[in-house]
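To start, the structure under review is shown below, and the notes come after it.
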Amino acid sequence: MPVRETDLPNVGRKFELDLADGGQLSVVIGHDGTRTLYRLPERGGDAERVAELTGEEARQFGAILGGAYFQPAESETADVPVGDGRIEWFDVPADSPLAGSSVADSALRTETGATLLAIQRGSDTIANPDPGEVIEPGDVLVTLGTQEEQRGLGALVNKDSDV
Amino acid sequence: MLLGPHAPALWGFRPTVVADPETVSLVADLGVVLLLFFVGLELSLDALVEKGDRVLAGGAIDVGVSLPLGFAVGVLLGFDWVASLVLAGVLFNSSTVIVAKLLLELDWIANPESEAILAVVVVEDVATAGYLAVLSAVLLGATDLGALATDVAVVVALVAAGTVVALRGTNLVERLLDVESGELFVLLALGVAATVAGLGEHSGVSAAVAAFLVGTAVGRTSLTDRVEGLLAPSRDLFAALFFLSVGLATDPALVTREAWAVAVAVAVTIPGQYVSGYYAGRQFDLEPSRAFRVGSALAPRGEFALVIAALAASVGTTPVLTERVPAFTVGYVLATSVLGTFAMRYSDQLWALLPVADPQ
């Protein structure tokens with residue numbers, strides 16, 4: 001994710017960041033400390049001013065963007081270390097080979113070595129699920145295992161059903 | 001203009017607030033020093049190395065077209081060659097202060113053309129510093145070409161020596177200026193700039209050029225951001241006072257008398273600026289409509305035009321230099337800064353009207 005830094009003589013410095021959606025975000029930091037935020041909707045377009053922040057406001061807002069105020073839990077990436085192992089969350093897609101099979105049939109433990117701690121289904125959490133519990137598409141599997149075991153589990157959950 | 005000694009008498013009443021422009025002119029001298037100090041400060045040698053060829057090519061096109069064009073306008077208006085040289089300086093330099101403000105105001109600043117515009121303005125300002133050195137030598141009594149060549153050679157040698165100090169003395173400058181308190185820092189930086197400028201003036205180099213060199217030296221230290229943040233308000237204040245002092249010293253009647261000359265100069269230089277700005281912009285790989293914007297943005301003239309006119313007025317010996325040129329400059333700056341604002345605002349519409357423009 002390259003950030004381009006350009007010197008704007010007599011004005012300040014410009015920082016540009018390419019966004020995943022094809023747009024571009026620019027910040028111009030003036031000599032007086034003002035941070036002006038611009039957005040370029042597409043390549044070759046004109047920049048639109050989004051906001052003008054004082055130095056203090058920019059630091060506050062930067063901390064929020066950086067996640068210092070609020071840590072969002074994204075199920076794919078969130079993981080909590082527990083000794084050697086770690087707890088991870090896996091979304092079960094509709095075409096997952098695990099969808100529709102029971103916990104016992106899925107043979108998660110024997111296949112990957114990771115332990116299934118709980119299944120999150122909507123707002124319900126099924127802690128320590130029975131072997132007969134059927135995994136449904138859209139479930140979130142909460143599992144404990146080493147990084148390697150978790151990687152194997154991720155591959156199993158997301159494996160194409162025809163393989 | 002309306003408050004100075006030349007204020008128009010309305011029903012027998014002159015709203016003269018400041019009778020003696022001399023008091024303001026001292027502040028104005030400091031303003032000039034600060035302006036040049038900032039030019040030096042903003043001249044980032046690292047950035048020049050990084051994309052130097054584009055900056056130099058773009059700047060050379062702009063200066064190479066505008067400066068001779070300004071001289072030609074002077075000749076066209078029937079001025080002698082010294083006055084034409086003064087006029088060339090007045091007509092070629094786009095106002096850094098006005099351009100930077102307009103770029104921010106119109107939200108162009110994050111667009112690619114702004115990099116080109118600001119780079120060209122910096123080259124213009126550096127060229128102005130050199131031009132001022134030559135001009136002061138010419139105005140301060142160089143009568144024949146031999147004496148002029150000697151004077152210019154002395155100035156060039158002193159500037160070269162100063163540049164070496166500026167480049168090599170980075171550590172010294174940094175240690176000298178590295179103090180905690182903000183107020184002390186401002187005073188120290190201003191003091192150093194003013195002292196060196198005074199020394200420069202005394203030894204024959206113009207104060208402005210000396211201030212420019214101090215700026216370059218400071219610009220190479222790690223203190224640049226601090227200097228910019230703390231000193232920019234002082235510069236703007238002094239620049240405003242300078243504008244004010246020029247206004248005070250100007251007789252509105254003289255300005256109106258120069259109206260036709262101003263009209264001729266605008267009619268020649270603004271289209272010229274569009275052409276040179278466009279080709280300068282193309283050096284930065286800008287698409288045509290953006291290169292056209294470079295030409296629009298470079299239209300306003302300002303502080304340096306007035307600096308040059310003030311220099312001509314203070315040391316000039318002919319009535320052309322002391323009266324006509326300053327009055328002309330005030331009119332020209334007023335006209336171009338207003339026109340330039342409109343040129344920028346309606347740049348895209350204007351571009352669409354041009355037959356060369358691609359309708360896409």
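Identifiers in this document derive from the order of the structure tokens: chains are assigned A, B, ..., residues are numbered from 1 separately in each chain, and ligands are numbered from 1 in order of occurrence.
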
Margin query: Residues near Pro9 (chain A), anyone? I mean within 8 Å using only C-alpha atoms, not counting same-chain ones fewer than 4 positions away, as JSON, numbers by chain.
Written below: {"A": [13], "B": [42, 43, 44, 118, 119, 122]}

Item checked: At most 8 Å to chain B: residues in chain A, only C-alpha atoms, as a PyMOL selection string -> chain A and resi 7-11+14+26-28+31-33+38+46-49

For the residues selected in the previous step, produce a file with N, CA and C atoms as a compact mmCIF listing (two decimals), in the first residue's frame.
```txt
# COMPACT_ATOMS: atom_id res chain seq x y z
N ASP A 7 6.25 17.25 -2.09
CA ASP A 7 6.47 18.56 -1.51
C ASP A 7 5.69 19.59 -2.32
N LEU A 8 4.89 20.40 -1.65
CA LEU A 8 4.19 21.49 -2.33
C LEU A 8 4.80 22.80 -1.82
N PRO A 9 5.75 23.37 -2.54
CA PRO A 9 6.44 24.55 -2.02
C PRO A 9 5.46 25.68 -1.73
N ASN A 10 5.68 26.37 -0.63
CA ASN A 10 4.84 27.49 -0.18
C ASN A 10 3.48 27.08 0.33
N VAL A 11 3.14 25.79 0.27
CA VAL A 11 1.85 25.34 0.80
C VAL A 11 2.07 24.33 1.90
N LYS A 14 1.95 16.97 0.51
CA LYS A 14 0.77 16.21 0.09
C LYS A 14 1.07 14.72 0.20
N SER A 26 -6.24 11.96 -0.59
CA SER A 26 -5.07 12.82 -0.43
C SER A 26 -5.22 13.66 0.83
N VAL A 27 -4.12 13.87 1.50
CA VAL A 27 -4.11 14.79 2.62
C VAL A 27 -3.07 15.86 2.32
N VAL A 28 -3.47 17.12 2.43
CA VAL A 28 -2.50 18.20 2.28
C VAL A 28 -2.29 18.79 3.67
N HIS A 31 1.55 24.49 6.02
CA HIS A 31 2.58 24.97 6.94
C HIS A 31 1.96 25.41 8.26
N ASP A 32 0.69 25.83 8.23
CA ASP A 32 0.04 26.27 9.46
C ASP A 32 -0.54 25.10 10.25
N GLY A 33 -0.31 23.87 9.78
CA GLY A 33 -0.76 22.69 10.51
C GLY A 33 -2.14 22.18 10.11
N TYR A 38 -8.75 15.27 0.82
CA TYR A 38 -9.37 15.31 -0.50
C TYR A 38 -9.61 13.90 -0.99
N ASP A 46 -11.12 15.41 -10.76
CA ASP A 46 -10.67 16.49 -9.89
C ASP A 46 -10.88 16.10 -8.44
N ALA A 47 -9.99 16.57 -7.60
CA ALA A 47 -10.10 16.27 -6.18
C ALA A 47 -11.26 17.04 -5.56
N GLU A 48 -11.98 16.36 -4.68
CA GLU A 48 -13.06 17.03 -3.94
C GLU A 48 -12.64 17.15 -2.49
N ARG A 49 -12.85 18.32 -1.93
CA ARG A 49 -12.48 18.49 -0.52
C ARG A 49 -13.48 17.74 0.36
```

Checklist line | Gly31 (chain B) surroundings by only C-alpha atoms, 9 Å radius, close-in-sequence under 4 positions cut, as a PyMOL selection string | finding: chain B and resi 26-27+35-36+234-242

Checklist line | CA of Arg301 (chain B) to CA of Thr6 (chain A), distance in Å rounded to a single decimal | finding: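 Taking CA of Arg301 (chain B) and CA of Thr6 (chain A), their separation equals 25.4 Å.
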
Next item on the list: From a DSSP pass on the backbone, collect the residues of region 42-163 of chain A flagged as alpha helix (DSSP H) and hand them back as JSON, numbers by chain.
Entry: {"A": [55, 56, 57, 58, 59, 60, 61, 62, 63, 64, 65, 103, 104, 105, 106, 108, 109, 110, 111, 112, 147, 148, 149, 150, 151, 152, 153, 154, 155, 156, 157, 158]}

Margin query: Using DSSP assignments from the backbone, pull out every residue in region 22-163 of chain A that falls under strand (DSSP E or B) and give it to me as number ranges by chain.
Written below: A: 24-30, 35-40, 48-53, 79-82, 85-91, 102, 115-121, 124-127, 134, 140-145

Margin query: Using only C-alpha atoms, which protein or nucleic acid residues come within 8 Å of Ala83 (chain B)? Drop anything in the same chain fewer than 2 positions from it, and give the result as a list in words.
Written below: Gly74, Phe79, Asp80, Trp81, Leu85, Val86, Leu87, Val320, Leu321 and Val325 of chain B

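Remark: for Phe71 (chain B), the closest of the candidate residues B:Gly89, B:Gly52, B:Pro252, B:Gly295 is B:Gly89 (distances computed over only C-alpha atoms).
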
Next item on the list: Find the spatial neighbours of Thr269 (chain B), counting only C-alpha atoms, within a cut-off of 12 Å - ignore same-chain residues fewer than 5 positions away - and output them as an MDAnalysis selection string.
Entry: chainID B and resid 62 65:74 87:88 90:94 261:264 274:277 295:296 298:301 332 335:336 340

The selected residues should be written to file as a JSON list (two decimals), in the first residue's frame (atoms: N, CA and C atoms).
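Final output, saved to part09.json:
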```
[["chain", "number", "residue", "atom", "x", "y", "z"],
["B", 62, "ASP", "N", 8.74, 28.73, -18.85],
["B", 62, "ASP", "CA", 7.94, 29.85, -18.35],
["B", 62, "ASP", "C", 8.76, 31.13, -18.27],
["B", 65, "VAL", "N", 9.95, 32.48, -21.71],
["B", 65, "VAL", "CA", 8.95, 33.18, -22.52],
["B", 65, "VAL", "C", 8.57, 34.50, -21.86],
["B", 66, "SER", "N", 8.28, 34.45, -20.55],
["B", 66, "SER", "CA", 7.69, 35.62, -19.89],
["B", 66, "SER", "C", 8.66, 36.79, -19.74],
["B", 67, "LEU", "N", 9.92, 36.48, -19.41],
["B", 67, "LEU", "CA", 10.86, 37.57, -19.15],
["B", 67, "LEU", "C", 11.16, 38.39, -20.41],
["B", 68, "PRO", "N", 11.53, 37.75, -21.54],
["B", 68, "PRO", "CA", 11.74, 38.55, -22.77],
["B", 68, "PRO", "C", 10.46, 39.25, -23.22],
["B", 69, "LEU", "N", 9.31, 38.56, -23.02],
["B", 69, "LEU", "CA", 8.03, 39.16, -23.41],
["B", 69, "LEU", "C", 7.81, 40.46, -22.62],
["B", 70, "GLY", "N", 8.13, 40.43, -21.32],
["B", 70, "GLY", "CA", 7.99, 41.62, -20.48],
["B", 70, "GLY", "C", 8.87, 42.75, -20.98],
["B", 71, "PHE", "N", 10.11, 42.38, -21.36],
["B", 71, "PHE", "CA", 11.04, 43.37, -21.87],
["B", 71, "PHE", "C", 10.49, 43.99, -23.16],
["B", 72, "ALA", "N", 9.95, 43.11, -24.02],
["B", 72, "ALA", "CA", 9.38, 43.58, -25.29],
["B", 72, "ALA", "C", 8.23, 44.54, -25.05],
["B", 73, "VAL", "N", 7.40, 44.24, -24.05],
["B", 73, "VAL", "CA", 6.29, 45.14, -23.74],
["B", 73, "VAL", "C", 6.83, 46.51, -23.34],
["B", 74, "GLY", "N", 7.91, 46.51, -22.55],
["B", 74, "GLY", "CA", 8.53, 47.77, -22.15],
["B", 74, "GLY", "C", 8.97, 48.59, -23.36],
["B", 87, "LEU", "N", 10.53, 46.65, -16.19],
["B", 87, "LEU", "CA", 9.20, 46.18, -16.58],
["B", 87, "LEU", "C", 9.18, 44.68, -16.79],
["B", 88, "ALA", "N", 10.28, 44.16, -17.37],
["B", 88, "ALA", "CA", 10.36, 42.71, -17.58],
["B", 88, "ALA", "C", 10.19, 41.98, -16.26],
["B", 90, "VAL", "N", 8.74, 43.16, -13.50],
["B", 90, "VAL", "CA", 7.38, 43.39, -13.00],
["B", 90, "VAL", "C", 6.40, 42.43, -13.70],
["B", 91, "LEU", "N", 6.59, 42.23, -15.01],
["B", 91, "LEU", "CA", 5.59, 41.51, -15.80],
["B", 91, "LEU", "C", 5.73, 39.99, -15.72],
["B", 92, "PHE", "N", 6.92, 39.47, -15.35],
["B", 92, "PHE", "CA", 7.08, 38.03, -15.51],
["B", 92, "PHE", "C", 6.74, 37.23, -14.27],
["B", 93, "ASN", "N", 6.87, 37.82, -13.07],
["B", 93, "ASN", "CA", 6.78, 37.00, -11.87],
["B", 93, "ASN", "C", 5.35, 36.83, -11.36],
["B", 94, "SER", "N", 4.87, 35.58, -11.39],
["B", 94, "SER", "CA", 3.55, 35.29, -10.84],
["B", 94, "SER", "C", 3.63, 35.37, -9.32],
["B", 261, "ALA", "N", -1.48, 51.73, -20.84],
["B", 261, "ALA", "CA", -0.27, 50.91, -20.82],
["B", 261, "ALA", "C", -0.54, 49.58, -20.13],
["B", 262, "VAL", "N", -1.30, 49.65, -19.03],
["B", 262, "VAL", "CA", -1.67, 48.43, -18.32],
["B", 262, "VAL", "C", -2.46, 47.52, -19.24],
["B", 263, "ALA", "N", -3.40, 48.12, -19.99],
["B", 263, "ALA", "CA", -4.24, 47.33, -20.90],
["B", 263, "ALA", "C", -3.38, 46.62, -21.95],
["B", 264, "VAL", "N", -2.41, 47.36, -22.50],
["B", 264, "VAL", "CA", -1.52, 46.75, -23.51],
["B", 264, "VAL", "C", -0.74, 45.60, -22.88],
["B", 274, "TYR", "N", -0.43, 32.13, -20.79],
["B", 274, "TYR", "CA", -1.17, 30.90, -21.10],
["B", 274, "TYR", "C", -0.31, 29.96, -21.93],
["B", 275, "VAL", "N", 0.36, 30.52, -22.95],
["B", 275, "VAL", "CA", 1.19, 29.69, -23.83],
["B", 275, "VAL", "C", 2.34, 29.07, -23.04],
["B", 276, "SER", "N", 3.07, 29.93, -22.28],
["B", 276, "SER", "CA", 4.24, 29.39, -21.56],
["B", 276, "SER", "C", 3.79, 28.46, -20.45],
["B", 277, "GLY", "N", 2.69, 28.79, -19.76],
["B", 277, "GLY", "CA", 2.17, 27.93, -18.70],
["B", 277, "GLY", "C", 1.75, 26.58, -19.25],
["B", 295, "GLY", "N", -1.44, 27.60, -16.99],
["B", 295, "GLY", "CA", -1.40, 28.95, -17.54],
["B", 295, "GLY", "C", -2.33, 29.90, -16.80],
["B", 296, "SER", "N", -3.56, 29.41, -16.50],
["B", 296, "SER", "CA", -4.53, 30.25, -15.77],
["B", 296, "SER", "C", -3.99, 30.64, -14.42],
["B", 298, "LEU", "N", -1.01, 30.86, -13.30],
["B", 298, "LEU", "CA", 0.18, 31.70, -13.24],
["B", 298, "LEU", "C", -0.11, 33.16, -13.57],
["B", 299, "ALA", "N", -1.37, 33.49, -13.89],
["B", 299, "ALA", "CA", -1.71, 34.86, -14.31],
["B", 299, "ALA", "C", -1.51, 35.93, -13.23],
["B", 300, "PRO", "N", -1.91, 35.71, -11.97],
["B", 300, "PRO", "CA", -1.83, 36.83, -11.02],
["B", 300, "PRO", "C", -0.39, 37.26, -10.73],
["B", 301, "ARG", "N", -0.15, 38.56, -10.77],
["B", 301, "ARG", "CA", 1.13, 39.12, -10.36],
["B", 301, "ARG", "C", 0.94, 39.73, -8.98],
["B", 332, "TYR", "N", -1.17, 47.22, -12.94],
["B", 332, "TYR", "CA", -0.99, 45.90, -13.55],
["B", 332, "TYR", "C", -1.26, 44.78, -12.55],
["B", 335, "ALA", "N", -4.96, 44.58, -11.91],
["B", 335, "ALA", "CA", -5.67, 43.99, -13.06],
["B", 335, "ALA", "C", -5.43, 42.49, -13.13],
["B", 336, "THR", "N", -4.16, 42.05, -13.00],
["B", 336, "THR", "CA", -3.89, 40.63, -13.17],
["B", 336, "THR", "C", -4.39, 39.80, -12.00],
["B", 340, "GLY", "N", -6.74, 37.05, -12.92],
["B", 340, "GLY", "CA", -6.22, 35.72, -12.64],
["B", 340, "GLY", "C", -7.21, 34.89, -11.83]]
```

Notebook entry, point to check: Near Ala114 (chain A), within 9 Å and counting only C-alpha atoms, which residues show up once chain neighbours fewer than 3 positions away are dropped, as a PyMOL selection string?
Noted result: chain A and resi 108-111+143-146+149-150+152-153

Residues from the last selection, C-alpha atoms, saved as a short mmCIF file (atom, residue, chain, number, x, y, z; two decimals), in the first residue's frame:
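As written to disk, selection35.cif reads:
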```
data_model
loop_
_atom_site.label_atom_id
_atom_site.label_comp_id
_atom_site.auth_asym_id
_atom_site.auth_seq_id
_atom_site.Cartn_x
_atom_site.Cartn_y
_atom_site.Cartn_z
CA LEU A 108 -12.57 -31.39 12.44
CA ARG A 109 -10.37 -32.63 15.29
CA THR A 110 -8.99 -35.69 13.48
CA GLU A 111 -8.54 -33.87 10.15
CA THR A 143 -11.72 -22.87 17.24
CA LEU A 144 -8.56 -23.37 19.29
CA GLY A 145 -5.34 -24.64 17.77
CA THR A 146 -1.80 -23.82 16.70
CA GLU A 149 -3.82 -26.38 12.69
CA GLN A 150 -5.85 -23.23 12.19
CA GLY A 152 -5.55 -26.43 7.89
CA LEU A 153 -8.99 -25.76 9.32
#
```

Residue neighbourhood Val157 (chain A), 9 Å, only C-alpha atoms, exclusion window fewer than 3 positions, as an mmCIF file with C-alpha atoms, in the first residue's frame:
```cif
data_model
loop_
_atom_site.group_PDB
_atom_site.id
_atom_site.type_symbol
_atom_site.label_atom_id
_atom_site.label_comp_id
_atom_site.auth_asym_id
_atom_site.auth_seq_id
_atom_site.Cartn_x
_atom_site.Cartn_y
_atom_site.Cartn_z
ATOM 1 C CA PHE A 90 -14.122 -18.946 10.730
ATOM 2 C CA ASP A 91 -17.163 -18.030 8.634
ATOM 3 C CA VAL A 92 -18.830 -21.048 7.043
ATOM 4 C CA PRO A 93 -19.715 -20.133 3.442
ATOM 5 C CA SER A 96 -18.372 -25.080 2.329
ATOM 6 C CA PRO A 97 -17.995 -28.878 2.465
ATOM 7 C CA LEU A 98 -18.699 -28.633 6.198
ATOM 8 C CA ALA A 99 -22.109 -26.994 5.739
ATOM 9 C CA GLY A 152 -5.552 -26.428 7.889
ATOM 10 C CA LEU A 153 -8.995 -25.758 9.319
ATOM 11 C CA GLY A 154 -9.350 -22.597 7.250
ATOM 12 C CA ASP A 160 -14.482 -26.191 -2.841
#
```

Next item on the list: Identify which of the residues A:Leu17, A:Arg4, A:Glu148, A:Ser102 lies closest to Pro129 (chain A), counting only C-alpha atoms when measuring atom-to-atom distances.
Entry: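 Distance minimum relative to Pro129 (chain A) lands on A:Ser102.
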